[in-house]
Amino acid sequence: MSIAMAMLAEWGESSSARKEVGRITAANERTVRNWFEGRNGPSGENLVALVRHSDAVFGTVLELSGRQALLPVAGILGLRDQLDALVHAIDELRVH
């Protein structure tokens, strides 16, 4: 999977998705659109920002770097974040 495909899987194709990625990376809209369309790839600094916010991009970087063995670990870490969010939501229900 390419970085562009991972970005589409994570954020979708909408203009609001491109704006969100622009906020994450501080890149302009045209640059972000080129990333989504696969014309250009993000710089190293921007790629790190995308990895920080996207499990799909992180997984793609692991695959492209030949580090597929780490994919299960990445999945487990993503599950922990989801569980934290669920516990927080349950706690909020109890308060109200």
# chains A, B, ... in the order shown; residues from 1 in each chain; ligands from 1

call {"tool": "closest_atom_pairs", "arguments": {"of": "segment 48-86 of chain A", "to": "segment 31-44 of chain A", "cutoff": "10 Å", "atoms": "only C-alpha atoms", "output": "tab-separated table"}}
result
residue	atom	partner	partner_atom	distance
A:Val48	CA	A:Gly44	CA	6.2
A:Ala49	CA	A:Gly44	CA	8.7
A:Leu50	CA	A:Pro42	CA	8.8

call {"tool": "write_last_selection", "arguments": {"atoms": "all heavy atoms", "output": "JSON list (two decimals), in the first residue's frame"}}
result
[["chain", "number", "residue", "atom", "x", "y", "z"],
["A", 48, "VAL", "N", 6.63, 11.94, 9.36],
["A", 48, "VAL", "CA", 6.62, 11.64, 10.81],
["A", 48, "VAL", "C", 5.34, 12.17, 11.44],
["A", 48, "VAL", "O", 4.71, 11.49, 12.26],
["A", 48, "VAL", "CB", 7.88, 12.23, 11.49],
["A", 48, "VAL", "CG1", 7.75, 12.18, 13.00],
["A", 48, "VAL", "CG2", 9.12, 11.47, 11.04],
["A", 49, "ALA", "N", 4.90, 13.36, 11.06],
["A", 49, "ALA", "CA", 3.65, 13.91, 11.59],
["A", 49, "ALA", "C", 2.47, 13.03, 11.20],
["A", 49, "ALA", "O", 1.57, 12.77, 12.01],
["A", 49, "ALA", "CB", 3.44, 15.33, 11.10],
["A", 50, "LEU", "N", 2.45, 12.55, 9.96],
["A", 50, "LEU", "CA", 1.37, 11.67, 9.52],
["A", 50, "LEU", "C", 1.38, 10.34, 10.27],
["A", 50, "LEU", "O", 0.33, 9.84, 10.67],
["A", 50, "LEU", "CB", 1.47, 11.43, 8.00],
["A", 50, "LEU", "CG", 1.23, 12.65, 7.13],
["A", 50, "LEU", "CD1", 1.54, 12.32, 5.68],
["A", 50, "LEU", "CD2", -0.19, 13.17, 7.30]]

call {"tool": "residues_around", "arguments": {"residues": "Ser2 of chain A", "least_positions_apart": "6", "cutoff": "9 Å", "atoms": "only C-alpha atoms", "output": "number ranges by chain"}}
result
A: 38, 57, 60-61, 64

call {"tool": "write_last_selection", "arguments": {"atoms": "N, CA and C atoms", "output": "PDB file, in the first residue's frame"}}
result
ATOM      1  N   GLY A  38      -1.075  10.956  -4.891  1.00  0.00           N
ATOM      2  CA  GLY A  38       0.103  10.147  -5.165  1.00  0.00           C
ATOM      3  C   GLY A  38       1.085  10.781  -6.128  1.00  0.00           C
ATOM      4  N   VAL A  57      -0.945   4.980   7.906  1.00  0.00           N
ATOM      5  CA  VAL A  57       0.326   5.478   7.368  1.00  0.00           C
ATOM      6  C   VAL A  57       1.489   4.793   8.073  1.00  0.00           C
ATOM      7  N   THR A  60       1.930   1.352   6.685  1.00  0.00           N
ATOM      8  CA  THR A  60       2.503   1.410   5.339  1.00  0.00           C
ATOM      9  C   THR A  60       4.002   1.672   5.390  1.00  0.00           C
ATOM     10  N   VAL A  61       4.423   2.564   6.272  1.00  0.00           N
ATOM     11  CA  VAL A  61       5.858   2.834   6.421  1.00  0.00           C
ATOM     12  C   VAL A  61       6.583   1.567   6.881  1.00  0.00           C
ATOM     13  N   LEU A  64       6.769  -0.716   3.789  1.00  0.00           N
ATOM     14  CA  LEU A  64       7.710  -0.214   2.791  1.00  0.00           C
ATOM     15  C   LEU A  64       9.160  -0.340   3.248  1.00  0.00           C
TER      16      LEU A  64
END

call {"tool": "select_by_dssp", "arguments": {"residues": "chain A", "states": "alpha helix (DSSP H)", "output": "ChimeraX atom specification"}}
result
/A:3-11,15-25,29-36,44-53,55-64,71-95

call {"tool": "residues_around", "arguments": {"residues": "Thr25 of chain A", "least_positions_apart": "2", "cutoff": "6 Å", "atoms": "only C-alpha atoms", "output": "JSON, numbers by chain"}}
result
{"A": [22, 23, 27, 46, 49]}

call {"tool": "write_last_selection", "arguments": {"atoms": "N, CA, C and O atoms", "output": "mmCIF file, in the first residue's frame"}}
result
data_model
loop_
_atom_site.group_PDB
_atom_site.id
_atom_site.type_symbol
_atom_site.label_atom_id
_atom_site.label_comp_id
_atom_site.auth_asym_id
_atom_site.auth_seq_id
_atom_site.Cartn_x
_atom_site.Cartn_y
_atom_site.Cartn_z
ATOM 1 N N GLY A 22 -3.544 18.994 6.372
ATOM 2 C CA GLY A 22 -2.802 20.257 6.319
ATOM 3 C C GLY A 22 -2.550 20.825 7.708
ATOM 4 O O GLY A 22 -1.461 21.334 7.988
ATOM 5 N N ARG A 23 -3.539 20.715 8.587
ATOM 6 C CA ARG A 23 -3.344 21.187 9.964
ATOM 7 C C ARG A 23 -2.317 20.327 10.696
ATOM 8 O O ARG A 23 -1.481 20.840 11.433
ATOM 9 N N ALA A 27 1.271 21.854 6.115
ATOM 10 C CA ALA A 27 1.534 21.940 4.673
ATOM 11 C C ALA A 27 0.354 22.634 3.993
ATOM 12 O O ALA A 27 -0.778 22.573 4.472
ATOM 13 N N ASN A 46 7.125 15.767 7.485
ATOM 14 C CA ASN A 46 5.679 15.622 7.337
ATOM 15 C C ASN A 46 5.243 14.166 7.464
ATOM 16 O O ASN A 46 4.174 13.881 8.008
ATOM 17 N N ALA A 49 4.902 13.364 11.060
ATOM 18 C CA ALA A 49 3.650 13.908 11.592
ATOM 19 C C ALA A 49 2.469 13.032 11.196
ATOM 20 O O ALA A 49 1.572 12.767 12.014
#
